[in-house]
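start.cif follows (mmCIF, C-alpha atoms):
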```
data_run
#
loop_
_atom_site.label_atom_id
_atom_site.label_comp_id
_atom_site.auth_asym_id
_atom_site.auth_seq_id
_atom_site.Cartn_x
_atom_site.Cartn_y
_atom_site.Cartn_z
CA MET A 7 -4.33 5.57 23.47
CA ASP A 8 -8.11 5.51 23.45
CA ARG A 9 -8.42 8.93 21.85
CA THR A 10 -7.29 10.47 18.61
CA ARG A 11 -7.07 14.08 17.54
CA TYR A 12 -6.64 15.10 13.95
CA THR A 13 -6.03 18.37 12.21
CA ARG A 14 -6.11 19.45 8.61
CA SER A 15 -2.86 20.83 7.29
CA ALA A 16 -2.64 24.46 6.26
CA SER A 17 -1.26 23.22 2.94
CA GLU A 18 -4.52 21.44 2.18
CA SER A 19 -7.25 22.81 -0.05
CA ARG A 20 -10.12 24.58 1.69
CA THR A 21 -12.58 22.42 -0.21
CA VAL A 22 -12.80 19.10 1.61
CA GLY A 23 -11.42 16.27 -0.45
CA VAL A 24 -10.12 18.31 -3.37
CA SER A 25 -6.38 17.85 -3.60
CA ALA A 26 -4.16 20.90 -3.53
CA GLN A 27 -2.15 21.16 -6.72
CA MET A 28 1.29 20.77 -5.27
CA GLY A 29 3.91 18.07 -5.23
CA ILE A 30 4.48 16.12 -2.08
CA SER A 31 7.90 17.76 -1.71
CA ASN A 32 6.07 20.99 -0.75
CA LEU A 33 4.37 19.34 2.22
CA GLN A 34 4.78 21.43 5.37
CA SER A 35 5.63 19.06 8.22
CA ASN A 36 8.45 18.49 10.68
CA PRO A 37 10.19 15.14 11.12
CA PRO A 38 9.09 13.03 14.08
CA ALA A 39 11.14 13.06 17.29
CA ALA A 40 13.51 10.19 17.94
CA ASP A 41 11.02 8.63 20.38
CA GLU A 42 7.99 9.26 18.19
CA ILE A 43 6.31 6.63 16.03
CA GLU A 44 4.96 7.68 12.66
CA VAL A 45 2.78 5.79 10.20
CA SER A 46 2.04 7.73 7.03
CA LEU A 47 -0.06 6.42 4.16
CA ILE A 48 0.69 8.16 0.87
CA GLY A 49 -1.61 7.72 -2.09
CA PRO A 50 -3.02 9.44 -5.17
CA ASN A 51 -6.22 8.12 -6.76
CA ILE A 52 -4.29 5.11 -8.04
CA GLY A 53 -1.29 3.89 -6.07
CA GLU A 54 -0.11 3.76 -2.48
CA CYS A 55 2.87 3.42 -0.20
CA VAL A 56 3.44 3.53 3.55
CA VAL A 57 6.36 5.02 5.44
CA VAL A 58 6.92 4.10 9.08
CA HIS A 59 9.26 5.68 11.61
CA VAL A 60 10.05 3.03 14.20
CA GLY A 61 12.17 5.40 16.30
CA ASP A 62 15.78 6.61 16.45
CA ASN A 63 15.63 7.83 12.81
CA ARG A 64 14.96 4.35 11.44
CA TRP A 65 12.43 4.27 8.62
CA ILE A 66 10.59 1.58 6.66
CA ILE A 67 9.10 2.01 3.19
CA VAL A 68 6.32 -0.37 2.17
CA ASP A 69 5.41 -0.39 -1.56
CA SER A 70 5.82 2.55 -3.94
CA CYS A 71 3.80 5.05 -5.96
CA LEU A 72 4.86 8.17 -7.84
CA ASP A 73 4.53 11.88 -7.12
CA ASP A 74 3.26 13.20 -10.44
CA GLN A 75 4.74 16.67 -9.88
CA SER A 76 8.31 15.35 -9.79
CA GLY A 77 7.98 11.88 -11.32
CA ARG A 78 9.87 10.53 -8.30
CA PRO A 79 8.74 7.88 -5.83
CA ALA A 80 6.36 9.58 -3.42
CA ALA A 81 8.05 7.97 -0.41
CA LEU A 82 11.40 9.57 -1.28
CA ALA A 83 9.77 12.95 -1.93
CA TYR A 84 7.97 12.69 1.41
CA LEU A 85 11.15 11.91 3.35
CA GLU A 86 12.91 14.74 1.55
CA ALA A 87 10.14 17.10 2.68
CA LEU A 88 10.87 15.98 6.27
CA ASN A 89 14.64 16.46 5.75
CA VAL A 90 15.15 12.73 6.27
CA SER A 91 18.00 11.09 4.34
CA PRO A 92 17.32 7.94 2.29
CA GLN A 93 20.22 6.46 4.27
CA SER A 94 17.86 6.38 7.27
CA VAL A 95 15.67 3.79 5.53
CA VAL A 96 16.49 0.38 6.99
CA LEU A 97 13.89 -1.76 5.24
CA VAL A 98 12.02 -1.66 1.91
CA VAL A 99 9.10 -4.05 1.37
CA ALA A 100 7.25 -4.92 -1.84
CA THR A 101 3.97 -6.51 -0.81
CA HIS A 102 3.14 -7.70 -4.34
CA TRP A 103 3.69 -6.64 -7.94
CA HIS A 104 0.47 -4.82 -8.88
CA ASP A 105 1.30 -1.60 -10.70
CA ASP A 106 -0.39 0.62 -8.09
CA HIS A 107 1.94 -0.72 -5.38
CA ILE A 108 5.29 -0.89 -7.14
CA ARG A 109 5.89 2.06 -9.49
CA GLY A 110 9.29 3.57 -8.66
CA LEU A 111 10.53 0.63 -6.60
CA VAL A 112 13.91 0.47 -8.34
CA GLN A 113 14.53 4.18 -7.64
CA ILE A 114 13.80 3.57 -3.97
CA LEU A 115 16.25 0.64 -3.82
CA GLU A 116 18.91 2.72 -5.54
CA ALA A 117 18.49 5.64 -3.13
CA CYS A 118 18.12 3.55 0.04
CA ASP A 119 21.26 1.48 -0.29
CA ASN A 120 21.44 0.82 3.48
CA ALA A 121 18.07 -0.91 3.44
CA SER A 122 17.24 -4.58 3.42
CA PHE A 123 14.66 -5.64 0.85
CA CYS A 124 11.77 -7.95 1.67
CA ALA A 125 9.28 -9.53 -0.70
CA SER A 126 7.31 -12.71 -1.17
CA PRO A 127 9.45 -15.86 -1.57
CA LEU A 128 7.94 -16.09 -5.04
CA MET A 129 10.69 -13.74 -6.19
CA ASN A 130 13.23 -16.47 -5.45
CA GLU A 131 11.39 -19.21 -7.29
CA LEU A 132 12.37 -20.32 -10.78
CA GLU A 133 8.71 -20.87 -11.65
CA PHE A 134 7.85 -17.30 -10.69
CA MET A 135 10.73 -15.82 -12.67
CA SER A 136 9.55 -17.85 -15.66
CA ALA A 137 6.08 -16.41 -15.18
CA ILE A 138 7.57 -12.91 -15.13
CA CYS A 139 9.30 -13.58 -18.43
CA ALA A 140 6.01 -14.77 -19.90
CA TYR A 141 4.30 -11.59 -18.74
CA ASN A 142 7.09 -9.43 -20.12
CA LYS A 143 6.57 -10.84 -23.62
CA GLU A 144 2.94 -9.79 -23.57
CA PRO A 145 1.50 -7.92 -20.55
CA LEU A 146 -1.91 -9.58 -20.40
CA THR A 147 -3.29 -7.83 -17.34
CA ALA A 148 -3.18 -4.42 -15.68
CA SER A 149 -0.32 -5.75 -13.54
CA GLY A 150 2.01 -6.13 -16.52
CA SER A 151 4.09 -2.99 -15.98
CA GLY A 152 4.28 -3.76 -12.26
CA VAL A 153 5.72 -7.18 -13.08
CA GLN A 154 8.39 -5.51 -15.21
CA GLU A 155 9.28 -3.13 -12.35
CA LEU A 156 9.67 -6.08 -10.00
CA TYR A 157 11.80 -7.87 -12.56
CA ARG A 158 14.09 -4.82 -12.84
CA ALA A 159 14.31 -4.65 -9.05
CA THR A 160 15.33 -8.31 -8.93
CA GLU A 161 18.00 -7.76 -11.57
CA TYR A 162 19.32 -4.68 -9.73
CA LEU A 163 19.61 -6.50 -6.41
CA ALA A 164 21.27 -9.53 -8.01
CA ARG A 165 23.79 -7.32 -9.77
CA LEU A 166 24.84 -5.76 -6.45
CA GLY A 167 24.67 -8.98 -4.49
CA ARG A 168 21.97 -7.64 -2.17
CA PRO A 169 19.84 -10.50 -0.83
CA ILE A 170 16.06 -10.62 -0.73
CA VAL A 171 14.52 -11.33 2.67
CA ARG A 172 11.70 -13.82 2.26
CA ALA A 173 8.31 -12.90 3.62
CA LEU A 174 6.79 -15.99 5.22
CA GLU A 175 3.85 -16.68 7.47
CA SER A 176 4.49 -15.41 11.04
CA ARG A 177 8.15 -14.59 10.47
CA MET A 178 10.10 -11.85 12.28
CA ILE A 179 12.37 -10.38 9.59
CA ARG A 180 14.06 -7.49 11.48
CA ARG A 181 14.61 -6.44 15.09
CA TRP A 182 16.32 -3.43 16.68
CA GLY A 183 16.96 -1.94 20.12
CA ASP A 184 16.69 -5.04 22.28
CA GLY A 185 15.60 -4.12 25.80
CA GLN A 186 15.00 -0.47 24.89
CA PRO A 187 11.63 1.34 25.15
CA MET A 188 11.52 1.61 21.34
CA GLN A 189 12.48 -2.03 20.71
CA SER A 190 11.16 -2.77 17.23
CA GLU A 191 10.16 -6.00 15.52
CA ILE A 192 8.99 -6.33 11.94
CA TRP A 193 6.87 -9.39 11.22
CA THR A 194 5.55 -10.77 7.95
CA LEU A 195 2.21 -12.53 8.48
CA SER A 196 1.72 -13.79 4.92
CA PRO A 197 1.82 -15.46 2.46
CA SER A 198 0.64 -18.73 3.94
CA ASP A 199 2.29 -21.95 2.81
CA GLU A 200 -0.87 -22.96 0.97
CA GLY A 201 -1.14 -19.56 -0.72
CA PHE A 202 2.45 -19.86 -1.87
CA ASN A 203 1.95 -23.41 -3.17
CA ARG A 204 -1.22 -22.46 -5.03
CA PHE A 205 0.59 -19.62 -6.77
CA ILE A 206 3.45 -21.86 -7.88
CA ALA A 207 0.97 -24.36 -9.28
CA SER A 208 -0.74 -21.53 -11.19
CA ALA A 209 2.59 -20.24 -12.51
CA LYS A 210 3.50 -23.68 -13.82
CA ARG A 211 0.20 -23.92 -15.69
CA ILE A 212 0.65 -20.62 -17.54
CA THR A 213 4.41 -20.73 -18.22
CA PRO A 214 5.07 -21.87 -21.81
CA THR A 215 7.65 -24.51 -22.55
CA ALA A 216 9.67 -24.75 -25.76
CA LYS A 217 7.48 -24.65 -28.89
CA GLN A 218 4.35 -24.24 -26.76
CA THR A 219 1.79 -21.50 -27.26
CA GLN A 220 1.79 -18.85 -24.57
CA HIS A 221 -1.46 -18.88 -22.60
CA ARG A 222 -3.36 -16.14 -20.91
CA ALA A 223 -2.99 -16.02 -17.16
CA PRO A 224 -6.34 -15.87 -15.36
CA LEU A 225 -5.05 -17.83 -12.37
CA ILE A 226 -2.19 -15.51 -11.44
CA LEU A 227 -3.55 -13.89 -8.28
CA PRO A 228 -0.92 -11.74 -6.56
CA ASN A 229 -3.39 -10.71 -3.86
CA ASP A 230 -3.36 -14.32 -2.65
CA THR A 231 0.30 -13.90 -1.73
CA SER A 232 0.35 -10.23 -0.75
CA VAL A 233 2.67 -9.55 2.19
CA VAL A 234 0.93 -8.38 5.37
CA LEU A 235 3.23 -6.70 7.90
CA GLN A 236 2.91 -6.22 11.65
CA VAL A 237 5.24 -3.58 13.08
CA VAL A 238 5.68 -3.84 16.85
CA ILE A 239 7.42 -0.93 18.62
CA GLY A 240 7.55 -1.36 22.38
CA GLN A 241 3.90 -1.72 23.41
CA VAL A 242 2.59 -0.24 20.16
CA SER A 243 1.60 -2.24 17.10
CA VAL A 244 0.69 -1.35 13.51
CA LEU A 245 -0.97 -3.74 11.05
CA LEU A 246 -0.38 -3.09 7.34
CA GLY A 247 -2.89 -5.12 5.35
CA ALA A 248 -1.45 -4.69 1.83
CA ASP A 249 -3.96 -6.12 -0.68
CA LEU A 250 -4.49 -9.50 0.95
CA GLU A 251 -7.91 -10.91 0.17
CA GLU A 252 -10.23 -13.30 2.02
CA SER A 253 -12.05 -16.29 0.51
CA GLY A 254 -13.32 -18.02 3.62
CA ASP A 255 -10.82 -20.87 3.20
CA ALA A 256 -8.76 -21.42 6.37
CA ARG A 257 -5.64 -22.14 4.29
CA PHE A 258 -5.49 -18.75 2.58
CA GLY A 259 -5.68 -15.01 3.13
CA TRP A 260 -6.78 -13.50 6.42
CA SER A 261 -8.21 -16.79 7.64
CA ALA A 262 -4.72 -18.30 7.47
CA ILE A 263 -3.25 -15.35 9.41
CA LEU A 264 -5.94 -15.59 12.08
CA GLY A 265 -5.28 -19.31 12.44
CA SER A 266 -1.51 -18.92 12.78
CA GLN A 267 -0.13 -19.51 16.27
CA GLY A 268 3.21 -17.82 15.65
CA LYS A 269 2.20 -14.21 15.06
CA PRO A 270 2.60 -11.47 17.72
CA ALA A 271 -0.19 -11.49 20.29
CA ILE A 272 -0.25 -7.70 20.72
CA LYS A 273 -3.21 -5.92 19.13
CA SER A 274 -2.63 -3.07 16.68
CA GLN A 275 -3.76 0.53 17.12
CA VAL A 276 -3.30 1.53 13.46
CA PHE A 277 -4.61 -0.52 10.54
CA LYS A 278 -3.86 -0.02 6.85
CA VAL A 279 -7.10 -1.45 5.50
CA PRO A 280 -6.45 -4.11 2.82
CA HIS A 281 -7.33 -3.82 -0.84
CA HIS A 282 -8.54 -0.21 -0.79
CA GLY A 283 -11.36 -1.08 1.63
CA SER A 284 -12.96 -3.65 -0.68
CA SER A 285 -15.24 -6.25 0.88
CA ASN A 286 -13.05 -9.03 -0.52
CA GLY A 287 -10.27 -7.96 1.86
CA HIS A 288 -12.54 -8.00 4.91
CA HIS A 289 -12.57 -10.54 7.72
CA PRO A 290 -14.55 -9.52 10.84
CA ASP A 291 -12.22 -11.38 13.18
CA VAL A 292 -9.30 -9.20 12.12
CA TRP A 293 -11.09 -6.25 13.74
CA SER A 294 -12.05 -8.10 16.92
CA LYS A 295 -8.95 -10.25 17.44
CA MET A 296 -6.03 -8.36 15.88
CA LEU A 297 -6.93 -4.70 16.47
CA SER A 298 -7.36 -2.61 19.60
CA PRO A 299 -10.77 -1.13 20.34
CA ASP A 300 -11.38 2.05 18.34
CA PRO A 301 -8.35 1.78 16.03
CA ILE A 302 -7.17 4.29 13.46
CA ALA A 303 -7.96 2.92 9.99
CA VAL A 304 -6.38 4.31 6.83
CA LEU A 305 -6.79 3.42 3.18
CA ALA A 306 -5.81 4.60 -0.28
CA PRO A 307 -8.66 4.68 -2.85
CA TYR A 308 -8.57 3.11 -6.28
CA SER A 309 -10.08 5.05 -9.17
CA ARG A 310 -9.93 2.45 -11.92
CA SER A 311 -12.87 0.10 -12.39
CA PRO A 312 -14.16 -1.06 -10.01
CA ARG A 313 -13.61 2.14 -8.06
CA LEU A 314 -12.89 1.53 -4.38
CA PRO A 315 -14.03 1.96 -1.72
CA GLN A 316 -17.72 1.72 -2.48
CA ASN A 317 -20.15 3.53 -0.17
CA SER A 318 -21.06 0.18 1.40
CA ASP A 319 -17.36 -0.36 2.13
CA ILE A 320 -17.13 3.05 3.78
CA ASP A 321 -20.18 2.30 5.95
CA ARG A 322 -18.66 -1.01 7.08
CA ILE A 323 -15.25 0.44 7.89
CA VAL A 324 -16.51 3.54 9.69
CA ALA A 325 -18.85 1.40 11.81
CA LEU A 326 -15.81 -0.58 12.96
CA ALA A 327 -13.40 2.37 13.16
CA PRO A 328 -14.96 5.85 13.41
CA LYS A 329 -11.44 7.29 13.10
CA SER A 330 -10.97 6.26 9.48
CA PHE A 331 -9.15 8.26 6.80
CA SER A 332 -8.50 8.18 3.06
CA SER A 333 -5.37 9.49 1.37
CA SER A 334 -7.45 11.11 -1.41
CA ILE A 335 -10.82 11.23 -3.11
CA VAL A 336 -12.06 8.66 -5.60
CA ALA A 337 -11.98 10.27 -9.04
CA SER A 338 -15.38 11.07 -10.54
CA LYS A 339 -16.59 9.27 -13.64
CA ARG A 340 -17.64 12.59 -15.12
CA ALA A 341 -14.44 14.56 -14.64
CA LYS A 342 -14.02 16.60 -17.82
CA ILE A 343 -10.88 17.08 -19.87
CA SER A 344 -10.56 20.17 -22.03
CA ARG A 345 -9.79 19.09 -25.61
CA ALA A 346 -9.75 20.62 -29.05
CA PRO A 347 -13.03 20.06 -30.99
CA ASP A 348 -11.40 17.87 -33.64
CA VAL A 349 -9.86 15.65 -30.95
CA GLU A 350 -13.24 15.42 -29.22
CA ARG A 351 -14.91 14.32 -32.50
CA ILE A 352 -12.31 11.59 -33.05
CA LEU A 353 -12.81 10.27 -29.52
CA GLN A 354 -16.58 10.25 -29.98
CA ASP A 355 -16.24 8.40 -33.30
CA PHE A 356 -14.31 5.64 -31.53
CA GLY A 357 -16.64 5.64 -28.50
CA LEU A 358 -13.87 6.69 -26.12
CA ASN A 359 -14.50 8.59 -22.89
CA LEU A 360 -11.26 9.71 -21.24
CA GLN A 361 -11.14 10.46 -17.53
CA LYS A 362 -8.77 12.89 -15.88
CA ILE A 363 -7.36 11.57 -12.61
CA ASN A 364 -5.32 13.72 -10.25
CA LEU A 365 -2.20 11.81 -9.25
CA THR A 366 -0.91 14.21 -6.59
CA PRO A 367 -0.52 11.97 -3.56
CA GLY A 368 -2.36 12.84 -0.39
CA VAL A 369 -0.90 11.93 3.00
CA VAL A 370 -2.51 10.58 6.15
CA GLN A 371 0.12 11.09 8.85
CA ALA A 372 -0.41 9.38 12.23
CA ARG A 373 2.05 9.95 15.08
CA PHE A 374 2.38 8.78 18.66
CA ALA A 375 5.11 9.28 21.28
CA PRO A 376 4.94 6.49 23.90
CA GLY A 377 5.36 7.92 27.40
CA ARG A 378 4.78 11.49 26.20
CA SER A 379 1.44 11.28 24.38
CA ALA A 380 -1.97 10.30 25.62
CA GLU A 381 -3.28 9.83 22.10
CA TRP A 382 -2.37 9.43 18.46
CA SER A 383 -2.43 12.57 16.36
CA VAL A 384 -3.51 12.41 12.73
CA GLU A 385 -2.72 15.17 10.26
CA LEU A 386 -4.01 15.29 6.69
CA PHE A 387 -2.11 16.75 3.73
CA ASN A 388 -2.78 17.38 0.01
CA GLY A 389 -6.43 16.42 0.01
CA ALA A 390 -6.43 13.47 2.42
CA LEU A 391 -9.73 13.38 4.26
CA PRO A 392 -11.87 11.51 6.80
CA LEU A 393 -13.54 8.48 5.27
CA THR A 394 -16.99 9.84 6.11
CA SER A 395 -16.22 12.90 3.96
CA LEU A 396 -15.29 10.60 1.10
CA LYS A 397 -18.82 9.18 1.15
CA GLN A 398 -20.34 12.66 1.30
CA LEU A 399 -18.38 13.71 -1.78
CA SER A 400 -19.46 10.56 -3.59
CA GLY A 401 -23.09 11.32 -2.77
CA ARG A 402 -22.82 14.88 -4.12
CA ARG A 403 -21.26 13.60 -7.36
CA ASN A 404 -24.06 11.08 -7.82
CA GLN A 405 -26.71 13.76 -7.26
CA GLY A 406 -25.08 15.98 -9.85
CA ALA A 407 -24.66 13.22 -12.43
#
```

Go ahead and render the structure in this file as structure tokens.
Amino acid sequence: MDRTRYTRSASESRTVGVSAQMGISNLQSNPPAADEIEVSLIGPNIGECVVVHVGDNRWIIVDSCLDDQSGRPAALAYLEALNVSPQSVVLVVATHWHDDHIRGLVQILEACDNASFCASPLMNELEFMSAICAYNKEPLTASGSGVQELYRATEYLARLGRPIVRALESRMIRRWGDGQPMQSEIWTLSPSDEGFNRFIASAKRITPTAKQTQHRAPLILPNDTSVVLQVVIGQVSVLLGADLEESGDARFGWSAILGSQGKPAIKSQVFKVPHHGSSNGHHPDVWSKMLSPDPIAVLAPYSRSPRLPQNSDIDRIVALAPKSFSSSIVASKRAKISRAPDVERILQDFGLNLQKINLTPGVVQARFAPGRSAEWSVELFNGALPLTSLKQLSGRRNQGA
């Protein structure tokens, strides 16, 4: 597993990094074999989800984004393209409630009614539900609509009596195939106890009581309690970093995970880079202590301000993992939208500059068959590209600005 080959899909645009204008349902790929592991990162310019095949037609969906061509969750459209039934999904995970990670979650839960649902224990806390209600009255941050989606998911699960599995530090939440070559374990590595407690304290401070003025919520930091997953399949491991951040405090974030004694000791060959590659999700010891040498690194970009990854982020990641890939390009500041002259004048009068962002999700698909493969294969669909090409495109845009 020290080598990786990758190919560009025939369905991809000939221009590197420019997404083909097709829905994800048109993706041309075959389902993995029963003994084949798959990790696929799906993401447009804003949003991401991960689907994992752990073997024997068992699938996991982590987070949710939408396929703009169909308006459906991209994960469901992707599985449909592989002729995989939603009934094959055994676990759905919501790492946190930011809008770019949770759009379409309720549709996924409705379709995947055989699946367990895992989220932060915050969803089970009265203080957190009160905070959600406060947000719903007035969405004060970009995460407002994501909070509402999570609230609807909670209501849906409660109505059907489906429990929520709590994501805790170094906790194994599911296990299949004991003693078999494809024995699978799903571990949650966060949130830490201190991260959880800090969030609850923040929620109490911003939740209004009777006859009290509602306050803004600068201290609500979902990335502090984002759920990191480690998927262990036989002798193979995958680390999914969600949006967990790092502050340098041993009680929180990646420092808390690195200090935990209960997590799996096996190193991971595939890494979903946290927080769109941003430096605030980086801890050098994750790369040296939790990942195999020369891992496959994947990320989904973020085209709102601040746009991620920055070129400095790309340099850092590629230096650590030459086999790094992005699900799509980062949208250009200067992308033009064709508008009628009178509309253009109105926008100019108000000082508005609208940006067109392509929301067709790209796919980075990594597969490995233990015992049959000598290497991981990576295939790119719908404009997904090597991370080095992402920097090259960014450089060309800056030169032409």

Practice item. Name the residues that the PyMOL selection byres ((chain A and resi 179-188) around 12) pulls out of this structure, and write them as an MDAnalysis selection string. Key: chainID A and resid 40:43 59:66 96:99 121:125 170:178 189:195 235:243 374:377

Result set, the PyMOL selection byres ((chain A and resi 251) around 9) on current file, as a PDB file with C-alpha atoms, in the coordinates of the input:
```pdb
ATOM      1  CA  ASN A 229      -3.390 -10.710  -3.860  1.00  0.00           C
ATOM      2  CA  ASP A 230      -3.360 -14.320  -2.650  1.00  0.00           C
ATOM      3  CA  THR A 231       0.300 -13.900  -1.730  1.00  0.00           C
ATOM      4  CA  SER A 232       0.350 -10.230  -0.750  1.00  0.00           C
ATOM      5  CA  ASP A 249      -3.960  -6.120  -0.680  1.00  0.00           C
ATOM      6  CA  LEU A 250      -4.490  -9.500   0.950  1.00  0.00           C
ATOM      7  CA  GLU A 252     -10.230 -13.300   2.020  1.00  0.00           C
ATOM      8  CA  SER A 253     -12.050 -16.290   0.510  1.00  0.00           C
ATOM      9  CA  PHE A 258      -5.490 -18.750   2.580  1.00  0.00           C
ATOM     10  CA  GLY A 259      -5.680 -15.010   3.130  1.00  0.00           C
ATOM     11  CA  TRP A 260      -6.780 -13.500   6.420  1.00  0.00           C
ATOM     12  CA  PRO A 280      -6.450  -4.110   2.820  1.00  0.00           C
ATOM     13  CA  HIS A 281      -7.330  -3.820  -0.840  1.00  0.00           C
ATOM     14  CA  SER A 284     -12.960  -3.650  -0.680  1.00  0.00           C
ATOM     15  CA  SER A 285     -15.240  -6.250   0.880  1.00  0.00           C
ATOM     16  CA  ASN A 286     -13.050  -9.030  -0.520  1.00  0.00           C
ATOM     17  CA  GLY A 287     -10.270  -7.960   1.860  1.00  0.00           C
ATOM     18  CA  HIS A 288     -12.540  -8.000   4.910  1.00  0.00           C
ATOM     19  CA  HIS A 289     -12.570 -10.540   7.720  1.00  0.00           C
TER      20      HIS A 289
END
```

Study note, to complete from the structure: In Å and to one decimal, CA of Glu116 in chain A is distant from CA of Cys55 in chain A by 16.9 Å

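For the pair CA of Gly110 in chain A and CA of Ser383 in chain A, the separation is 29.1 Å.
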
Practice item. Determine the residue set returned by the PyMOL selection byres ((chain A and resi 370) around 12) for the present structure, and present it as a ChimeraX atom specification. Key: /A:12-15,18,33,35,44-50,54-58,84,276,278,302-306,329-334,367-369,371-373,383-393

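Minimum atom-to-atom distances from A:Pro328, A:Tyr157, A:Ala39, A:Asn51 to Arg313 in chain A were compared using all atoms listed in the file, and the lowest value belongs to A:Asn51.
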
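Between CA of Val68 in chain A and CA of Ala100 in chain A lies a distance of 6.1 Å.
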
Study note, to complete from the structure: Restricting to all atoms listed in the file, whichever of A:Lys273, A:Lys397, A:Arg322, A:Arg257 is closest to Asp199 in chain A is A:Arg257

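Compared by their closest atoms to His104 in chain A, and using all atoms listed in the file, the residues A:Ile320, A:Ile52, A:Ile272, A:Ile335 rank with A:Ile52 nearest.
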
Exercise for review: Select, from A:Gln154, A:Asn317, A:Ser309, A:Ser261, the residue with the minimum atom-to-atom distance to Leu399 in chain A, counting only C-alpha atoms.
Suggested key: A:Asn317

Exercise for review: Find, counting all atoms listed in the file, the residue in A:Val90, A:Ala380, A:Leu396, A:Leu163 that gets nearest to Pro307 in chain A.
Suggested key: A:Leu396

The centre and edge lengths of an axis-aligned box containing all atoms of range 105-118 of chain A present in the file, extended by 6 Å on each side, are to be given in Å to one decimal, as lines of an AutoDock Vina configuration file.
```
center_x = 9.3
center_y = 2.0
center_z = -5.3
size_x = 31.3
size_y = 19.2
size_z = 22.7
```
